[in-house]
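Notes to accompany the following structure.
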Amino acid sequence: MQLRIVVLPGDGVGPEVTEQAVRVLREVAGIHGHNFHFEEHVVGGGAINLNGLPLPTTTLDACLAADAVLLGAIGSPEFDHLPADRRPEAGLLMLRRKLGGFANLRPIISYPALIDASPLRSEIVKGANILFVRELLGGLYFGEPRGILSSNGSSAAFNTMRYSVSEIERVARVAFEAAMKRKRKVTSVDKANVLETSQLWRQTVTRIAADYPEVELDHLYVDAAAMHIITNPRRFDVILTENLFGDILSDEAAVIAGSLGMLASGTIGGAIDLYEPVHGSAPDIAGRGIANPLGAIASAAMMLRYTARLADEADDIEAAIDNVLDAGYRTRDIATGDNRRVISTSEMGGLVCDTVAQVADIRHAYHAV
Ligand code: IPM
Ligand code: MN
């Protein structure tokens with residue numbers, strides 16, 4: 001299998017964690033004889049410093065010519081003073097729009113080994129496994145008109161939340177299809193008691209649900225969903241929601257996994273799929289070799305699952321993550337009081353590489369009998 005992967009390390013901890021994800025992908029390619037080709041480009045703050053633009057044309061063109069894009073993180077406090085359209089984040093949003101992926105998949109898994117890393121009680125998080133399907137190209141992030149108006153010394157700012165039926169339909173189908181392969185339940189999250197966009201959302205999702213009679217659908221208002229996610233996470237299978245609600249709720253749900261550093265994501269449905277850990281640039285810990293690379297590594301596994309359709313290889317990476325955690329190894333963010341095996345970013349990457357090889361061997365042995 002040939003795969004052309006554009007790697008965008010980006011800002012903060014992005015370069016450290018993508019380095020480990022690439023290392024794991026190389027390991028997998030070596031084991032299975034795949035040909036993964038990596039090409040690195042600048043994006044975000046690093047790109048602004050080089051040439052003033054958060055998404056240079058060379059970077060975008062390379063992404064558009066790739067099979068998949070693996071992004072580290074974007075954003076740095078250094079650029080906080082810039083207007084929204086010139087900040088590093090604008091580069092990420094432009095990239096998302098140009099690549100066209102509208103369904104952002106964010107799995108939230110309570111790893112048995114990390115139960116104690118969650119601030120939630122173990123009987124609440126144990127066994128929780130949620131897939132967020134976040135709409136990624138609409139809503140307040142992209143709605144027009146938007147802007148800041150100033151007159152007579154006073155200012156007002158405005159954004160537009162807009163969703164068309166077809167935008168809702170296409171992401172809803174992704175959620176129902178995903179649910180068919182899981183526990184067959186979709187919870188659609190909206191604010192239909194207040195917002196027209198949410199009323200259209202609820203109506204459209206309900207109509208699409210008729211095509212998936214095996215899938216149970218329920219609806220929650222976003223405020224109630226925020227509470228249920230941390231009081232009863234096991235009630236959820238797939239959570240389908242719009243862009244901003246999904247952004248907020250998926251960070252909240254990270255407490256189930258124990259750390260934002262654990263969360264992976266993949267954005268599908270467009271011309272080119274985009275994979276990125278959920279954690280962001282974490283400037284406070286960047287460059288110290290302590291960031292958790294597992295979110296980036298798990299994003300690489302999603303790339304193999306969804307873009308390359310290499311399910312065995314993706315399973316192997318995920319099993320390797322499980323095994324390394326079971327063996328007690330932790331980066332600082334997921335270490336609890338009694339952990340003696342606190343390791344660095346690159347040690348974690350190295351352990352996953354070693355384990356991936358073992359896991360693949362074992363799977364082969366099973367297939368042989
Ligand atoms: C995320 C991030 C981004 C978002 C930012 C960096 C623009 O928070 O991927 O969740 O809001 O989508
Ligand atoms: Mn976010």
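Residues are referred to by chain and number: the chain letter is A, B, ... according to the order shown in the structure tokens, the number counts from 1 in that chain, and ligands are numbered separately from 1 in the order shown.
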Residues at most 6 Å from ligand 1, using only C-alpha atoms and all ligand atoms? Could they come as a PDB file with all heavy atoms, in the first residue's frame?
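Output file part.pdb follows:
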ATOM      1  N   GLU A  89      -4.789  30.183  14.110  1.00  0.00           N
ATOM      2  CA  GLU A  89      -6.022  29.401  14.019  1.00  0.00           C
ATOM      3  C   GLU A  89      -6.720  29.595  12.675  1.00  0.00           C
ATOM      4  O   GLU A  89      -7.394  28.698  12.169  1.00  0.00           O
ATOM      5  CB  GLU A  89      -6.988  29.776  15.155  1.00  0.00           C
ATOM      6  CG  GLU A  89      -6.566  29.267  16.531  1.00  0.00           C
ATOM      7  CD  GLU A  89      -5.540  30.167  17.229  1.00  0.00           C
ATOM      8  OE1 GLU A  89      -5.061  31.142  16.605  1.00  0.00           O
ATOM      9  OE2 GLU A  89      -5.214  29.883  18.400  1.00  0.00           O
ATOM     10  N   ASP A 247     -16.926  21.261  19.708  1.00  0.00           N
ATOM     11  CA  ASP A 247     -15.636  21.740  20.200  1.00  0.00           C
ATOM     12  C   ASP A 247     -15.631  21.737  21.720  1.00  0.00           C
ATOM     13  O   ASP A 247     -14.716  21.206  22.360  1.00  0.00           O
ATOM     14  CB  ASP A 247     -15.384  23.160  19.665  1.00  0.00           C
ATOM     15  CG  ASP A 247     -14.093  23.745  20.201  1.00  0.00           C
ATOM     16  OD1 ASP A 247     -13.069  23.042  20.162  1.00  0.00           O
ATOM     17  OD2 ASP A 247     -14.109  24.906  20.678  1.00  0.00           O
ATOM     18  N   VAL A 278      -6.519  16.196  19.560  1.00  0.00           N
ATOM     19  CA  VAL A 278      -7.460  17.244  19.980  1.00  0.00           C
ATOM     20  C   VAL A 278      -6.781  18.277  20.881  1.00  0.00           C
ATOM     21  O   VAL A 278      -7.257  19.398  21.038  1.00  0.00           O
ATOM     22  CB  VAL A 278      -8.666  16.579  20.710  1.00  0.00           C
ATOM     23  CG1 VAL A 278      -9.651  17.610  21.241  1.00  0.00           C
ATOM     24  CG2 VAL A 278      -9.390  15.604  19.773  1.00  0.00           C
TER      25      VAL A 278
END
Could you make a table, as CSV, of the residues of chain A that have an atom within 8 Å of an atom of ligand 2, each with its nearest atom pair and distance in Å to one decimal, counting only C-alpha atoms and all ligand atoms, in chain and number order?
residue,atom,partner,partner_atom_place_in_ligand_line,distance
A:Asp247,CA,ligand 2,1 (Mn),4.5
A:Ile248,CA,ligand 2,1 (Mn),6.3
A:Ser250,CA,ligand 2,1 (Mn),7.3
A:Asp251,CA,ligand 2,1 (Mn),6.3
A:Val278,CA,ligand 2,1 (Mn),6.5
A:His279,CA,ligand 2,1 (Mn),7.5
A:Gly280,CA,ligand 2,1 (Mn),7.4
What lies within 12 Å of Arg207 (chain A) using only C-alpha atoms, ignoring chain neighbours under 6 positions off, as a tab-separated table (two decimals) with all heavy atoms, in the first residue's frame?
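Contents of selection_24.tsv, freshly written:
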chain	number	residue	atom	x	y	z
A	165	VAL	N	-29.86	22.38	5.19
A	165	VAL	CA	-30.32	21.00	5.34
A	165	VAL	C	-29.25	20.02	4.84
A	165	VAL	O	-28.96	19.02	5.49
A	165	VAL	CB	-31.66	20.80	4.58
A	165	VAL	CG1	-32.02	19.32	4.48
A	165	VAL	CG2	-32.77	21.57	5.28
A	168	ILE	N	-26.46	19.44	7.28
A	168	ILE	CA	-26.87	18.61	8.42
A	168	ILE	C	-27.00	17.15	7.99
A	168	ILE	O	-26.52	16.23	8.66
A	168	ILE	CB	-28.19	19.13	9.03
A	168	ILE	CG1	-28.04	20.59	9.45
A	168	ILE	CG2	-28.60	18.27	10.23
A	168	ILE	CD1	-29.35	21.31	9.75
A	169	GLU	N	-27.61	16.95	6.83
A	169	GLU	CA	-27.82	15.58	6.34
A	169	GLU	C	-26.51	14.81	6.21
A	169	GLU	O	-26.39	13.66	6.65
A	169	GLU	CB	-28.47	15.61	4.95
A	169	GLU	CG	-29.96	15.83	4.97
A	169	GLU	CD	-30.55	15.93	3.56
A	169	GLU	OE1	-29.78	15.90	2.57
A	169	GLU	OE2	-31.77	16.07	3.47
A	172	ALA	N	-25.00	13.92	9.53
A	172	ALA	CA	-25.88	12.98	10.23
A	172	ALA	C	-25.66	11.57	9.69
A	172	ALA	O	-25.57	10.60	10.45
A	172	ALA	CB	-27.34	13.39	10.08
A	173	ARG	N	-25.52	11.45	8.38
A	173	ARG	CA	-25.30	10.11	7.79
A	173	ARG	C	-24.00	9.48	8.31
A	173	ARG	O	-23.94	8.28	8.58
A	173	ARG	CB	-25.28	10.17	6.27
A	173	ARG	CG	-26.65	10.41	5.68
A	173	ARG	CD	-26.75	10.07	4.20
A	173	ARG	NE	-28.07	10.45	3.72
A	173	ARG	CZ	-29.17	9.72	3.90
A	173	ARG	NH1	-29.10	8.55	4.53
A	173	ARG	NH2	-30.34	10.15	3.46
A	176	PHE	N	-24.79	8.09	11.75
A	176	PHE	CA	-25.59	6.85	11.73
A	176	PHE	C	-24.78	5.67	11.20
A	176	PHE	O	-24.87	4.56	11.72
A	176	PHE	CB	-26.88	7.05	10.92
A	176	PHE	CG	-27.91	7.86	11.67
A	176	PHE	CD1	-28.16	9.19	11.32
A	176	PHE	CD2	-28.60	7.32	12.75
A	176	PHE	CE1	-29.09	9.94	12.03
A	176	PHE	CE2	-29.54	8.06	13.45
A	176	PHE	CZ	-29.78	9.39	13.08
A	200	LEU	N	-33.90	23.16	12.86
A	200	LEU	CA	-33.67	22.52	11.55
A	200	LEU	C	-32.79	21.29	11.72
A	200	LEU	O	-32.98	20.26	11.06
A	200	LEU	CB	-33.02	23.53	10.59
A	200	LEU	CG	-32.92	23.06	9.14
A	200	LEU	CD1	-34.31	22.97	8.50
A	200	LEU	CD2	-32.03	24.01	8.32
A	201	TRP	N	-31.81	21.40	12.59
A	201	TRP	CA	-30.89	20.29	12.88
A	201	TRP	C	-31.69	19.08	13.36
A	201	TRP	O	-31.57	17.98	12.82
A	201	TRP	CB	-29.88	20.75	13.94
A	201	TRP	CG	-28.84	19.73	14.30
A	201	TRP	CD1	-29.00	18.69	15.18
A	201	TRP	CD2	-27.50	19.63	13.78
A	201	TRP	NE1	-27.84	17.96	15.25
A	201	TRP	CE2	-26.90	18.52	14.40
A	201	TRP	CE3	-26.77	20.39	12.88
A	201	TRP	CZ2	-25.59	18.13	14.14
A	201	TRP	CZ3	-25.46	20.00	12.61
A	201	TRP	CH2	-24.88	18.89	13.23
A	213	PRO	N	-33.21	2.25	10.63
A	213	PRO	CA	-34.16	1.78	11.65
A	213	PRO	C	-33.50	1.00	12.78
A	213	PRO	O	-34.05	0.95	13.88
A	213	PRO	CB	-35.13	0.90	10.85
A	213	PRO	CG	-34.47	0.62	9.54
A	213	PRO	CD	-33.50	1.72	9.29
A	217	LEU	N	-32.25	6.69	18.12
A	217	LEU	CA	-31.88	8.12	18.13
A	217	LEU	C	-32.54	8.80	19.32
A	217	LEU	O	-33.71	8.61	19.59
A	217	LEU	CB	-32.37	8.79	16.84
A	217	LEU	CG	-32.30	10.32	16.81
A	217	LEU	CD1	-30.85	10.81	16.79
A	217	LEU	CD2	-33.06	10.89	15.60
Would you mind telling me which residue in A:Ala320, A:Val255, A:Leu325, A:Leu274 lies nearest to Ile5 (chain A) when using only C-alpha atoms? A:Leu274
Which of these, A:Ala301, A:Ala47, A:Ala113, A:Ile229, has the shortest distance to Gly91 (chain A) once you count only C-alpha atoms?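 Going through A:Ala301, A:Ala47, A:Ala113, A:Ile229 one by one, the smallest distance to Gly91 (chain A) is for A:Ala47.
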Kindly indicate which residue among A:Gly75, A:Gly289, A:Gly127, A:Pro88 lies nearest to Leu53 (chain A), using only C-alpha atoms for the distances.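 Checking each of A:Gly75, A:Gly289, A:Gly127, A:Pro88 against Leu53 (chain A), counting only C-alpha atoms, the winner is A:Pro88.
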So, counting only C-alpha atoms, which residue among A:Pro9, A:Tyr212, A:Arg363, A:Pro293 is closest to Asp312 (chain A)?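 Using only C-alpha atoms, the shortest distance to Asp312 (chain A) belongs to A:Arg363.
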Looking only at helix (DSSP H, G or I) from DSSP on the backbone, list the matching residues of region 119-228 of chain A as number ranges by chain. A: 122-125, 139-141, 165-180, 196-209, 222-228
Just checking: using only C-alpha atoms, which residue out of A:Phe142, A:Phe245, A:Tyr163, A:Phe102 ends up closest to Ala175 (chain A)?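 Ranking A:Phe142, A:Phe245, A:Tyr163, A:Phe102 by distance to Ala175 (chain A), first place goes to A:Phe102.
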Residue contacts of region 148-161 of chain A (10 Å, only C-alpha atoms) excluding same-chain residues fewer than 2 positions away, as a short mmCIF file (atom, residue, chain, number, x, y, z; two decimals) with N, CA, C and O atoms, in the first residue's frame:
data_model
loop_
_atom_site.label_atom_id
_atom_site.label_comp_id
_atom_site.auth_asym_id
_atom_site.auth_seq_id
_atom_site.Cartn_x
_atom_site.Cartn_y
_atom_site.Cartn_z
N GLY A 138 -19.25 24.22 9.37
CA GLY A 138 -20.38 25.16 9.38
C GLY A 138 -20.49 25.89 10.71
O GLY A 138 -19.53 26.01 11.46
N GLY A 139 -21.70 26.37 10.97
CA GLY A 139 -21.99 27.04 12.23
C GLY A 139 -21.22 28.34 12.39
O GLY A 139 -20.80 28.97 11.42
N LEU A 140 -21.02 28.71 13.63
CA LEU A 140 -20.42 30.01 13.95
C LEU A 140 -18.99 30.16 13.43
O LEU A 140 -18.51 31.26 13.23
N TYR A 141 -18.31 29.04 13.24
CA TYR A 141 -16.91 29.11 12.79
C TYR A 141 -16.79 29.71 11.40
O TYR A 141 -15.78 30.31 11.07
N PHE A 142 -17.80 29.46 10.56
CA PHE A 142 -17.67 29.88 9.16
C PHE A 142 -18.82 30.77 8.69
O PHE A 142 -18.78 31.28 7.58
N GLY A 143 -19.87 30.92 9.51
CA GLY A 143 -21.06 31.63 9.06
C GLY A 143 -20.78 33.09 8.71
O GLY A 143 -20.03 33.78 9.40
N GLU A 144 -21.40 33.53 7.64
CA GLU A 144 -21.32 34.94 7.23
C GLU A 144 -22.74 35.52 7.31
O GLU A 144 -23.70 34.80 7.08
N PRO A 145 -22.89 36.82 7.62
CA PRO A 145 -21.82 37.76 7.89
C PRO A 145 -21.23 37.62 9.29
O PRO A 145 -21.84 37.06 10.18
N ARG A 146 -20.03 38.15 9.44
CA ARG A 146 -19.36 38.20 10.72
C ARG A 146 -18.51 39.46 10.76
O ARG A 146 -18.14 40.00 9.72
N TYR A 163 -26.92 26.86 9.23
CA TYR A 163 -26.80 25.48 8.73
C TYR A 163 -27.84 25.23 7.65
O TYR A 163 -29.01 25.56 7.83
N LEU A 195 -32.71 27.98 19.42
CA LEU A 195 -32.10 28.34 18.13
C LEU A 195 -32.82 27.72 16.94
O LEU A 195 -33.07 26.51 16.92
N GLU A 196 -33.06 28.53 15.92
CA GLU A 196 -33.66 28.01 14.68
C GLU A 196 -32.74 27.00 14.00
O GLU A 196 -33.19 25.99 13.46
N THR A 197 -31.42 27.27 14.01
CA THR A 197 -30.48 26.32 13.40
C THR A 197 -30.66 24.94 14.05
O THR A 197 -30.59 23.91 13.38
N SER A 198 -30.89 24.94 15.35
CA SER A 198 -31.05 23.67 16.07
C SER A 198 -32.38 23.02 15.74
O SER A 198 -32.49 21.79 15.72
N GLU A 242 -23.22 20.01 16.28
CA GLU A 242 -22.68 21.05 15.39
C GLU A 242 -21.30 21.49 15.87
O GLU A 242 -20.84 21.09 16.93
N ASN A 243 -20.68 22.35 15.10
CA ASN A 243 -19.28 22.68 15.25
C ASN A 243 -18.88 23.19 16.65
O ASN A 243 -18.04 22.58 17.32
N LEU A 244 -19.47 24.27 17.10
CA LEU A 244 -19.05 24.85 18.39
C LEU A 244 -19.43 23.96 19.57
O LEU A 244 -18.64 23.79 20.50
#
Selected residue, from A:Gln203, A:Thr57, A:Asn232, A:Thr18, that lies nearest to Glu40 (chain A) when counting only C-alpha atoms: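 Smallest distance to Glu40 (chain A) is found for A:Thr18.
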Report as a list of chain:residue names: the residues of region 70-103 of chain A with a DSSP assignment of strand (DSSP E), based on the backbone of this structure. A:Leu70, A:Leu71, A:Gly72, A:Ala73, A:Ala103
Take the residues that were just selected and, keeping N, CA and C atoms, output them as an mmCIF file, in the first residue's frame.
data_model
loop_
_atom_site.group_PDB
_atom_site.id
_atom_site.type_symbol
_atom_site.label_atom_id
_atom_site.label_comp_id
_atom_site.auth_asym_id
_atom_site.auth_seq_id
_atom_site.Cartn_x
_atom_site.Cartn_y
_atom_site.Cartn_z
ATOM 1 N N LEU A 70 -1.525 14.813 8.371
ATOM 2 C CA LEU A 70 -1.391 14.629 9.815
ATOM 3 C C LEU A 70 -0.894 15.937 10.407
ATOM 4 N N LEU A 71 -1.722 16.550 11.261
ATOM 5 C CA LEU A 71 -1.375 17.852 11.815
ATOM 6 C C LEU A 71 -1.120 17.736 13.316
ATOM 7 N N GLY A 72 -0.116 18.466 13.810
ATOM 8 C CA GLY A 72 0.190 18.429 15.230
ATOM 9 C C GLY A 72 -0.720 19.351 16.013
ATOM 10 N N ALA A 73 -0.433 20.625 15.974
ATOM 11 C CA ALA A 73 -1.243 21.601 16.703
ATOM 12 C C ALA A 73 -0.948 22.982 16.141
ATOM 13 N N ALA A 103 -16.902 16.015 8.654
ATOM 14 C CA ALA A 103 -17.236 15.185 9.818
ATOM 15 C C ALA A 103 -15.970 14.913 10.621
#
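For the pair CA of Ile343 (chain A) and CA of Gly45 (chain A), the separation is 28.1 Å.
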Between CA of Val6 (chain A) and CA of Ile272 (chain A), what is the distance, to one decimal in Å?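 Between CA of Val6 (chain A) and CA of Ile272 (chain A) the gap is 10.6 Å.
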